[in-house]
Amino acid sequence: MANSALEIVGLLLTLIGLIGTAASTGMPMWRVTAFIGENIIVFETRYEGLWMNCFRQADIRMQCKVYDSLLALPPDLQAARGLMCCALALGGLGLLISLVGLQCTSCIQNNDRAKRLVLIIAGSMVLVACVCVLIPVSWTGHVIIRDFYNPLLIDAQRRELGEALYIGWVSAAFLFFGGCMFTCCNLQSEEKASPRYMHSRDPSYMAYPPQPLQPQQLVFVPQPQPQPQPQQYPVLSRHPSSIYSTYSRYPSVRSEMAYL
């Protein structure tokens, strides 16, 4: 029962992490314009994402434009595109596989070992998706912080961490805990399923070291001699014998002598 509850919690955490990963992938708020200086009045904000860059002016709706060329993007954004797509694919596939191995489903019946194996595979896929989310988000954050403190760049070229990066970090944490619940709980169940024999130990119990076996001399036990049986003699009768031989129709000679 406890395992089933943990599996449902892991499923919900994985689902939340997958939704956050999808939101972070589509949002353009990966890099945000940094406002540095004494000027408080700001007329324009610039956002840079994986697929487009956007401009937003005061009291005017946001205008976005898709990138014209993939090769013109910096290396961190190029890698982030592929890794975030891989994370979505692995997370979604792991979520679907985990539905097969849940104890509350009847996809695999009368085979608990197969259910645990399916959940371990699903948890491993979710953990790999977590790594695929964590790498591009952390890489982009490192580049932003490095460029912010670069003295060779002007203030207009500096950027700050966007909302999509924070959502990516939180989503990676949800995916990590969801994958750990799928994997670790079923690994513990596999160990507990092994047969173990427990016995109560007496307080006066003392373990003795094993003694080496010594060769023993063979002893022959005399067998009792059979007692001689008294010899049986035939009993003579005055009446003719009624036993005839197999191949003769007449009485035997012995019966005639006995009669005489």
# chains A, B, ... in the order shown; residues from 1 in each chain; ligands from 1
>>> residues_around(residues="range 164-177 of chain A", least_positions_apart="3", cutoff="10 Å", atoms="only C-alpha atoms", output="number ranges by chain")
A: 9-31, 49, 84, 87, 91, 123-138, 140-141, 161, 180-183
>>> select_by_dssp(residues="range 37-197 of chain A", states="strand (DSSP E or B)", output="list in words")
Glu44, Thr45, Arg46, Tyr47, Glu48, Met52, Asn53, Cys54, Phe55, Arg56, Gln57, Gln63, Cys64, Lys65, Val66, Arg159, Glu160 and Leu161 of chain A
>>> write_last_selection(atoms="C-alpha atoms", output="compact mmCIF listing (two decimals), in the first residue's frame")
# COMPACT_ATOMS: atom_id res chain seq x y z
CA GLU A 44 11.92 48.88 -23.94
CA THR A 45 12.59 45.35 -22.67
CA ARG A 46 14.25 42.65 -24.75
CA TYR A 47 13.81 38.90 -24.29
CA GLU A 48 15.82 36.15 -25.94
CA MET A 52 12.55 33.67 -30.90
CA ASN A 53 13.46 37.06 -29.49
CA CYS A 54 10.85 39.55 -28.31
CA PHE A 55 10.59 43.28 -27.65
CA ARG A 56 8.19 44.89 -25.29
CA GLN A 57 7.73 48.64 -24.94
CA GLN A 63 6.30 41.68 -30.42
CA CYS A 64 8.28 38.52 -31.21
CA LYS A 65 10.31 37.33 -34.17
CA VAL A 66 11.53 33.81 -34.87
CA ARG A 159 21.68 40.28 -19.88
CA GLU A 160 20.07 38.88 -16.74
CA LEU A 161 18.61 35.49 -15.87
>>> select_by_dssp(residues="range 122-190 of chain A", states="alpha helix (DSSP H)", output="tab-separated table (two decimals) with all heavy atoms, in the first residue's frame")
chain	number	residue	atom	x	y	z
A	122	ALA	N	11.27	3.20	-16.36
A	122	ALA	CA	10.64	4.52	-16.47
A	122	ALA	C	11.35	5.55	-15.61
A	122	ALA	O	11.57	6.69	-16.04
A	122	ALA	CB	9.16	4.41	-16.07
A	123	GLY	N	11.73	5.17	-14.38
A	123	GLY	CA	12.46	6.10	-13.52
A	123	GLY	C	13.82	6.48	-14.08
A	123	GLY	O	14.25	7.64	-13.97
A	124	SER	N	14.50	5.54	-14.71
A	124	SER	CA	15.79	5.85	-15.33
A	124	SER	C	15.63	6.84	-16.48
A	124	SER	O	16.45	7.76	-16.64
A	124	SER	CB	16.45	4.55	-15.83
A	124	SER	OG	16.62	3.63	-14.77
A	125	MET	N	14.58	6.69	-17.25
A	125	MET	CA	14.34	7.62	-18.35
A	125	MET	C	14.01	9.02	-17.83
A	125	MET	O	14.44	10.03	-18.39
A	125	MET	CB	13.21	7.10	-19.23
A	125	MET	CG	13.53	5.78	-19.93
A	125	MET	SD	12.18	5.16	-20.95
A	125	MET	CE	12.16	6.39	-22.24
A	126	VAL	N	13.26	9.09	-16.74
A	126	VAL	CA	12.93	10.39	-16.15
A	126	VAL	C	14.19	11.06	-15.60
A	126	VAL	O	14.37	12.28	-15.71
A	126	VAL	CB	11.85	10.21	-15.06
A	126	VAL	CG1	11.61	11.52	-14.33
A	126	VAL	CG2	10.54	9.75	-15.68
A	127	LEU	N	15.08	10.28	-14.99
A	127	LEU	CA	16.33	10.85	-14.48
A	127	LEU	C	17.22	11.37	-15.62
A	127	LEU	O	17.86	12.42	-15.48
A	127	LEU	CB	17.08	9.80	-13.66
A	127	LEU	CG	16.44	9.42	-12.32
A	127	LEU	CD1	17.24	8.31	-11.66
A	127	LEU	CD2	16.36	10.63	-11.40
A	128	VAL	N	17.25	10.65	-16.73
A	128	VAL	CA	18.01	11.15	-17.89
A	128	VAL	C	17.39	12.43	-18.43
A	128	VAL	O	18.10	13.37	-18.83
A	128	VAL	CB	18.07	10.05	-18.97
A	128	VAL	CG1	18.74	10.58	-20.23
A	128	VAL	CG2	18.83	8.83	-18.47
A	129	ALA	N	16.05	12.52	-18.42
A	129	ALA	CA	15.38	13.75	-18.83
A	129	ALA	C	15.73	14.91	-17.90
A	129	ALA	O	15.91	16.06	-18.33
A	129	ALA	CB	13.87	13.53	-18.86
A	130	CYS	N	15.85	14.62	-16.61
A	130	CYS	CA	16.26	15.65	-15.64
A	130	CYS	C	17.64	16.18	-15.98
A	130	CYS	O	17.88	17.39	-15.94
A	130	CYS	CB	16.22	15.06	-14.23
A	130	CYS	SG	17.03	16.07	-12.99
A	131	VAL	N	18.56	15.29	-16.32
A	131	VAL	CA	19.92	15.74	-16.70
A	131	VAL	C	19.88	16.57	-17.98
A	131	VAL	O	20.59	17.59	-18.10
A	131	VAL	CB	20.83	14.51	-16.86
A	131	VAL	CG1	22.21	14.92	-17.36
A	131	VAL	CG2	20.97	13.77	-15.53
A	132	CYS	N	19.04	16.16	-18.94
A	132	CYS	CA	18.93	16.92	-20.19
A	132	CYS	C	18.34	18.31	-19.98
A	132	CYS	O	18.61	19.22	-20.78
A	132	CYS	CB	18.07	16.14	-21.19
A	132	CYS	SG	18.83	14.63	-21.82
A	133	VAL	N	17.54	18.50	-18.95
A	133	VAL	CA	17.01	19.84	-18.64
A	133	VAL	C	18.06	20.65	-17.88
A	133	VAL	O	18.24	21.85	-18.12
A	133	VAL	CB	15.72	19.71	-17.81
A	133	VAL	CG1	15.25	21.08	-17.34
A	133	VAL	CG2	14.63	19.06	-18.64
A	134	LEU	N	18.75	20.00	-16.97
A	134	LEU	CA	19.68	20.72	-16.09
A	134	LEU	C	20.90	21.25	-16.85
A	134	LEU	O	21.40	22.35	-16.53
A	134	LEU	CB	20.13	19.78	-14.97
A	134	LEU	CG	20.76	20.42	-13.73
A	134	LEU	CD1	19.78	21.37	-13.07
A	134	LEU	CD2	21.19	19.34	-12.76
A	135	ILE	N	21.36	20.52	-17.86
A	135	ILE	CA	22.58	20.95	-18.57
A	135	ILE	C	22.36	22.25	-19.33
A	135	ILE	O	23.13	23.23	-19.13
A	135	ILE	CB	23.07	19.83	-19.50
A	135	ILE	CG1	23.63	18.67	-18.68
A	135	ILE	CG2	24.13	20.34	-20.46
A	135	ILE	CD1	24.03	17.47	-19.51
A	136	PRO	N	21.35	22.40	-20.21
A	136	PRO	CA	21.23	23.67	-20.94
A	136	PRO	C	20.86	24.85	-20.06
A	136	PRO	O	21.32	25.97	-20.29
A	136	PRO	CB	20.13	23.37	-21.98
A	136	PRO	CG	19.35	22.26	-21.39
A	136	PRO	CD	20.33	21.43	-20.64
A	137	VAL	N	20.03	24.60	-19.03
A	137	VAL	CA	19.63	25.71	-18.16
A	137	VAL	C	20.84	26.23	-17.39
A	137	VAL	O	21.07	27.45	-17.29
A	137	VAL	CB	18.51	25.24	-17.21
A	137	VAL	CG1	18.21	26.29	-16.17
A	137	VAL	CG2	17.24	24.94	-18.01
A	138	SER	N	21.63	25.32	-16.85
A	138	SER	CA	22.81	25.75	-16.09
A	138	SER	C	23.87	26.37	-17.01
A	138	SER	O	24.55	27.34	-16.64
A	138	SER	CB	23.40	24.55	-15.34
A	138	SER	OG	22.46	23.99	-14.46
A	139	TRP	N	24.02	25.82	-18.21
A	139	TRP	CA	25.00	26.37	-19.16
A	139	TRP	C	24.63	27.79	-19.55
A	139	TRP	O	25.47	28.70	-19.55
A	139	TRP	CB	25.07	25.46	-20.38
A	139	TRP	CG	26.17	25.79	-21.34
A	139	TRP	CD1	27.12	26.76	-21.21
A	139	TRP	CD2	26.42	25.14	-22.59
A	139	TRP	NE1	27.96	26.75	-22.29
A	139	TRP	CE2	27.56	25.77	-23.15
A	139	TRP	CE3	25.82	24.09	-23.27
A	139	TRP	CZ2	28.08	25.39	-24.38
A	139	TRP	CZ3	26.35	23.71	-24.49
A	139	TRP	CH2	27.47	24.35	-25.04
A	140	THR	N	23.36	28.03	-19.87
A	140	THR	CA	22.92	29.37	-20.25
A	140	THR	C	23.07	30.34	-19.09
A	140	THR	O	23.48	31.50	-19.27
A	140	THR	CB	21.46	29.32	-20.73
A	140	THR	OG1	21.33	28.38	-21.79
A	140	THR	CG2	21.00	30.68	-21.21
A	141	GLY	N	22.74	29.88	-17.88
A	141	GLY	CA	22.91	30.75	-16.71
A	141	GLY	C	24.37	31.11	-16.48
A	141	GLY	O	24.70	32.25	-16.12
A	142	HIS	N	25.27	30.15	-16.70
A	142	HIS	CA	26.70	30.43	-16.54
A	142	HIS	C	27.17	31.45	-17.57
A	142	HIS	O	27.96	32.38	-17.24
A	142	HIS	CB	27.48	29.13	-16.69
A	142	HIS	CG	28.96	29.33	-16.83
A	142	HIS	ND1	29.77	29.74	-15.79
A	142	HIS	CD2	29.78	29.19	-17.92
A	142	HIS	CE1	31.02	29.84	-16.21
A	142	HIS	NE2	31.05	29.51	-17.49
A	143	VAL	N	26.71	31.34	-18.81
A	143	VAL	CA	27.12	32.30	-19.85
A	143	VAL	C	26.59	33.69	-19.54
A	143	VAL	O	27.31	34.70	-19.71
A	143	VAL	CB	26.62	31.81	-21.23
A	143	VAL	CG1	26.86	32.87	-22.29
A	143	VAL	CG2	27.32	30.51	-21.62
A	144	ILE	N	25.37	33.78	-19.05
A	144	ILE	CA	24.79	35.09	-18.72
A	144	ILE	C	25.58	35.75	-17.59
A	144	ILE	O	25.90	36.96	-17.64
A	144	ILE	CB	23.31	34.93	-18.35
A	144	ILE	CG1	22.49	34.52	-19.58
A	144	ILE	CG2	22.75	36.22	-17.77
A	144	ILE	CD1	21.05	34.18	-19.27
A	145	ILE	N	25.90	34.99	-16.55
A	145	ILE	CA	26.64	35.56	-15.42
A	145	ILE	C	28.06	35.94	-15.85
A	145	ILE	O	28.61	36.98	-15.44
A	145	ILE	CB	26.66	34.56	-14.26
A	145	ILE	CG1	25.24	34.34	-13.73
A	145	ILE	CG2	27.56	35.04	-13.13
A	145	ILE	CD1	25.11	33.25	-12.70
A	146	ARG	N	28.68	35.13	-16.71
A	146	ARG	CA	30.03	35.45	-17.17
A	146	ARG	C	30.04	36.73	-17.99
A	146	ARG	O	30.93	37.59	-17.83
A	146	ARG	CB	30.56	34.27	-17.98
A	146	ARG	CG	31.99	34.45	-18.47
A	146	ARG	CD	32.28	33.44	-19.56
A	146	ARG	NE	31.41	33.63	-20.72
A	146	ARG	CZ	31.33	32.79	-21.75
A	146	ARG	NH1	32.05	31.67	-21.73
A	146	ARG	NH2	30.53	33.05	-22.76
A	147	ASP	N	29.07	36.89	-18.89
A	147	ASP	CA	29.02	38.09	-19.72
A	147	ASP	C	28.63	39.33	-18.92
A	147	ASP	O	29.00	40.45	-19.28
A	147	ASP	CB	28.03	37.90	-20.87
A	147	ASP	CG	28.51	36.85	-21.86
A	147	ASP	OD1	29.72	36.52	-21.86
A	147	ASP	OD2	27.67	36.33	-22.63
A	148	PHE	N	27.87	39.11	-17.85
A	148	PHE	CA	27.44	40.28	-17.06
A	148	PHE	C	28.63	40.94	-16.37
A	148	PHE	O	28.69	42.17	-16.25
A	148	PHE	CB	26.42	39.82	-16.02
A	148	PHE	CG	25.79	40.95	-15.26
A	148	PHE	CD1	24.68	41.61	-15.75
A	148	PHE	CD2	26.31	41.37	-14.03
A	148	PHE	CE1	24.11	42.66	-15.05
A	148	PHE	CE2	25.74	42.40	-13.32
A	148	PHE	CZ	24.63	43.06	-13.83
A	163	GLU	N	12.97	34.27	-16.55
A	163	GLU	CA	12.06	33.40	-15.79
A	163	GLU	C	12.12	31.95	-16.26
A	163	GLU	O	11.90	31.02	-15.48
A	163	GLU	CB	10.62	33.91	-15.92
A	163	GLU	CG	10.36	35.25	-15.25
A	163	GLU	CD	10.69	36.43	-16.15
A	163	GLU	OE1	11.31	36.20	-17.21
A	163	GLU	OE2	10.36	37.57	-15.78
A	164	ALA	N	12.42	31.75	-17.54
A	164	ALA	CA	12.45	30.39	-18.07
A	164	ALA	C	13.56	29.56	-17.42
A	164	ALA	O	13.41	28.35	-17.25
A	164	ALA	CB	12.65	30.43	-19.59
A	165	LEU	N	14.67	30.19	-17.04
A	165	LEU	CA	15.75	29.46	-16.39
A	165	LEU	C	15.33	28.97	-15.01
A	165	LEU	O	15.62	27.83	-14.62
A	165	LEU	CB	16.99	30.34	-16.29
A	165	LEU	CG	17.60	30.81	-17.62
A	165	LEU	CD1	18.84	31.66	-17.36
A	165	LEU	CD2	17.95	29.63	-18.50
A	166	TYR	N	14.64	29.81	-14.27
A	166	TYR	CA	14.18	29.40	-12.94
A	166	TYR	C	13.14	28.28	-13.04
A	166	TYR	O	13.16	27.33	-12.25
A	166	TYR	CB	13.61	30.61	-12.18
A	166	TYR	CG	14.63	31.69	-11.91
A	166	TYR	CD1	14.64	32.85	-12.67
A	166	TYR	CD2	15.58	31.53	-10.90
A	166	TYR	CE1	15.57	33.85	-12.42
A	166	TYR	CE2	16.52	32.53	-10.65
A	166	TYR	CZ	16.51	33.68	-11.41
A	166	TYR	OH	17.45	34.67	-11.17
A	167	ILE	N	12.26	28.39	-14.03
A	167	ILE	CA	11.27	27.32	-14.22
A	167	ILE	C	11.98	26.02	-14.62
A	167	ILE	O	11.59	24.93	-14.20
A	167	ILE	CB	10.24	27.74	-15.29
A	167	ILE	CG1	9.43	28.93	-14.78
A	167	ILE	CG2	9.31	26.58	-15.62
A	167	ILE	CD1	8.44	29.47	-15.79
A	168	GLY	N	13.03	26.13	-15.42
A	168	GLY	CA	13.79	24.94	-15.82
A	168	GLY	C	14.46	24.27	-14.63
A	168	GLY	O	14.47	23.04	-14.52
A	169	TRP	N	15.05	25.05	-13.73
A	169	TRP	CA	15.68	24.46	-12.55
A	169	TRP	C	14.66	23.77	-11.65
A	169	TRP	O	14.91	22.67	-11.15
A	169	TRP	CB	16.42	25.55	-11.77
A	169	TRP	CG	17.77	25.87	-12.33
A	169	TRP	CD1	18.71	24.99	-12.77
A	169	TRP	CD2	18.33	27.18	-12.55
A	169	TRP	NE1	19.82	25.64	-13.23
A	169	TRP	CE2	19.63	26.99	-13.11
A	169	TRP	CE3	17.88	28.47	-12.33
A	169	TRP	CZ2	20.46	28.06	-13.44
A	169	TRP	CZ3	18.71	29.54	-12.64
A	169	TRP	CH2	19.99	29.33	-13.21
A	170	VAL	N	13.51	24.41	-11.46
A	170	VAL	CA	12.47	23.78	-10.62
A	170	VAL	C	11.93	22.52	-11.29
A	170	VAL	O	11.69	21.50	-10.63
A	170	VAL	CB	11.35	24.80	-10.35
A	170	VAL	CG1	10.20	24.13	-9.59
A	170	VAL	CG2	11.88	25.98	-9.54
A	171	SER	N	11.76	22.56	-12.60
A	171	SER	CA	11.26	21.38	-13.31
A	171	SER	C	12.26	20.23	-13.22
A	171	SER	O	11.87	19.06	-13.08
A	171	SER	CB	11.00	21.74	-14.78
A	171	SER	OG	10.06	22.78	-14.89
A	172	ALA	N	13.55	20.54	-13.31
A	172	ALA	CA	14.57	19.49	-13.17
A	172	ALA	C	14.51	18.86	-11.78
A	172	ALA	O	14.70	17.64	-11.63
A	172	ALA	CB	15.95	20.07	-13.43
A	173	ALA	N	14.23	19.66	-10.75
A	173	ALA	CA	14.11	19.11	-9.39
A	173	ALA	C	12.90	18.18	-9.30
A	173	ALA	O	12.99	17.10	-8.69
A	173	ALA	CB	14.00	20.25	-8.38
A	174	PHE	N	11.78	18.57	-9.89
A	174	PHE	CA	10.60	17.70	-9.87
A	174	PHE	C	10.87	16.38	-10.62
A	174	PHE	O	10.48	15.30	-10.14
A	174	PHE	CB	9.40	18.42	-10.49
A	174	PHE	CG	8.67	19.32	-9.54
A	174	PHE	CD1	8.84	20.69	-9.57
A	174	PHE	CD2	7.80	18.78	-8.60
A	174	PHE	CE1	8.17	21.52	-8.69
A	174	PHE	CE2	7.12	19.60	-7.71
A	174	PHE	CZ	7.30	20.97	-7.76
A	175	LEU	N	11.52	16.48	-11.76
A	175	LEU	CA	11.85	15.26	-12.51
A	175	LEU	C	12.81	14.37	-11.72
A	175	LEU	O	12.69	13.14	-11.75
A	175	LEU	CB	12.46	15.62	-13.86
A	175	LEU	CG	11.52	16.27	-14.89
A	175	LEU	CD1	12.31	16.69	-16.13
A	175	LEU	CD2	10.41	15.32	-15.28
A	176	PHE	N	13.74	14.98	-11.02
A	176	PHE	CA	14.71	14.19	-10.24
A	176	PHE	C	14.00	13.41	-9.13
A	176	PHE	O	14.22	12.20	-8.97
A	176	PHE	CB	15.77	15.12	-9.66
A	176	PHE	CG	16.74	14.43	-8.76
A	176	PHE	CD1	17.75	13.64	-9.28
A	176	PHE	CD2	16.65	14.56	-7.38
A	176	PHE	CE1	18.65	12.99	-8.45
A	176	PHE	CE2	17.53	13.92	-6.54
A	176	PHE	CZ	18.54	13.14	-7.07
A	177	PHE	N	13.14	14.08	-8.38
A	177	PHE	CA	12.45	13.39	-7.28
A	177	PHE	C	11.46	12.36	-7.81
A	177	PHE	O	11.29	11.29	-7.21
A	177	PHE	CB	11.74	14.41	-6.38
A	177	PHE	CG	12.68	15.23	-5.54
A	177	PHE	CD1	12.80	16.59	-5.74
A	177	PHE	CD2	13.46	14.63	-4.56
A	177	PHE	CE1	13.66	17.35	-4.97
A	177	PHE	CE2	14.33	15.38	-3.80
A	177	PHE	CZ	14.44	16.75	-4.00
A	178	GLY	N	10.80	12.65	-8.92
A	178	GLY	CA	9.89	11.67	-9.49
A	178	GLY	C	10.62	10.43	-9.98
A	178	GLY	O	10.19	9.29	-9.74
A	179	GLY	N	11.75	10.61	-10.66
A	179	GLY	CA	12.53	9.46	-11.11
A	179	GLY	C	13.11	8.66	-9.96
A	179	GLY	O	13.17	7.43	-10.02
A	180	CYS	N	13.54	9.34	-8.89
A	180	CYS	CA	14.07	8.62	-7.73
A	180	CYS	C	12.99	7.78	-7.05
A	180	CYS	O	13.26	6.67	-6.59
A	180	CYS	CB	14.66	9.61	-6.73
A	180	CYS	SG	16.24	10.30	-7.25
A	181	MET	N	11.77	8.29	-6.99
A	181	MET	CA	10.68	7.51	-6.38
A	181	MET	C	10.37	6.27	-7.20
A	181	MET	O	10.10	5.20	-6.65
A	181	MET	CB	9.44	8.38	-6.22
A	181	MET	CG	9.52	9.37	-5.08
A	181	MET	SD	7.95	10.13	-4.69
A	181	MET	CE	8.45	11.12	-3.27
A	182	PHE	N	10.40	6.39	-8.50
A	182	PHE	CA	10.16	5.22	-9.35
A	182	PHE	C	11.27	4.19	-9.22
A	182	PHE	O	11.01	2.99	-9.18
A	182	PHE	CB	10.02	5.64	-10.81
A	182	PHE	CG	8.70	6.26	-11.15
A	182	PHE	CD1	8.61	7.27	-12.09
A	182	PHE	CD2	7.54	5.83	-10.54
A	182	PHE	CE1	7.39	7.83	-12.41
A	182	PHE	CE2	6.32	6.40	-10.84
A	182	PHE	CZ	6.24	7.40	-11.78
A	183	THR	N	12.51	4.66	-9.14
A	183	THR	CA	13.65	3.74	-9.17
A	183	THR	C	13.98	3.18	-7.80
A	183	THR	O	14.03	1.97	-7.60
A	183	THR	CB	14.88	4.46	-9.76
A	183	THR	OG1	14.53	5.02	-11.03
A	183	THR	CG2	16.03	3.49	-9.93
A	184	CYS	N	14.18	4.06	-6.83
A	184	CYS	CA	14.69	3.62	-5.52
A	184	CYS	C	13.66	2.77	-4.77
A	184	CYS	O	14.02	1.77	-4.14
A	184	CYS	CB	15.07	4.83	-4.68
A	184	CYS	SG	16.38	5.84	-5.43
A	185	CYS	N	12.39	3.15	-4.82
A	185	CYS	CA	11.38	2.38	-4.09
A	185	CYS	C	11.27	0.96	-4.63
A	185	CYS	O	11.12	0.00	-3.86
A	185	CYS	CB	10.03	3.08	-4.19
A	185	CYS	SG	9.98	4.70	-3.38
A	186	ASN	N	11.39	0.78	-5.92
A	186	ASN	CA	11.28	-0.56	-6.49
A	186	ASN	C	12.56	-1.36	-6.31
A	186	ASN	O	12.51	-2.58	-6.24
A	186	ASN	CB	10.92	-0.46	-7.97
A	186	ASN	CG	9.50	0.01	-8.17
A	186	ASN	OD1	8.55	-0.75	-8.06
A	186	ASN	ND2	9.33	1.29	-8.47
A	187	LEU	N	13.70	-0.69	-6.20
A	187	LEU	CA	14.93	-1.42	-5.88
A	187	LEU	C	14.88	-1.95	-4.45
A	187	LEU	O	15.28	-3.08	-4.18
A	187	LEU	CB	16.13	-0.49	-6.05
A	187	LEU	CG	16.56	-0.20	-7.49
A	187	LEU	CD1	17.72	0.78	-7.51
A	187	LEU	CD2	16.94	-1.47	-8.22
A	188	GLN	N	14.33	-1.19	-3.51
A	188	GLN	CA	14.17	-1.67	-2.15
A	188	GLN	C	13.18	-2.81	-2.10
A	188	GLN	O	13.37	-3.78	-1.37
A	188	GLN	CB	13.71	-0.52	-1.25
A	188	GLN	CG	14.77	0.54	-1.05
A	188	GLN	CD	14.28	1.69	-0.19
A	188	GLN	OE1	13.13	1.71	0.25
A	188	GLN	NE2	15.15	2.65	0.07
A	189	SER	N	12.12	-2.74	-2.87
A	189	SER	CA	11.14	-3.82	-2.89
A	189	SER	C	11.76	-5.09	-3.44
A	189	SER	O	11.45	-6.19	-3.00
A	189	SER	CB	9.93	-3.42	-3.75
A	189	SER	OG	9.32	-2.28	-3.21
A	190	GLU	N	12.66	-4.96	-4.41
A	190	GLU	CA	13.32	-6.14	-4.97
A	190	GLU	C	14.19	-6.82	-3.92
A	190	GLU	O	14.25	-8.03	-3.84
A	190	GLU	CB	14.17	-5.71	-6.17
A	190	GLU	CG	14.77	-6.86	-6.93
A	190	GLU	CD	13.74	-7.61	-7.73
A	190	GLU	OE1	12.66	-7.06	-7.99
A	190	GLU	OE2	14.01	-8.77	-8.09
>>> atom_distance(atom1="CA of Ile120 in chain A", atom2="CA of Leu95 in chain A")
11.8 Å
>>> residues_around(residues="Asp68 in chain A", least_positions_apart="4", cutoff="10 Å", atoms="only C-alpha atoms", output="ChimeraX atom specification")
/A:51-52,72-73
>>> atom_distance(atom1="CA of Pro74 in chain A", atom2="CA of Leu50 in chain A")
10.3 Å
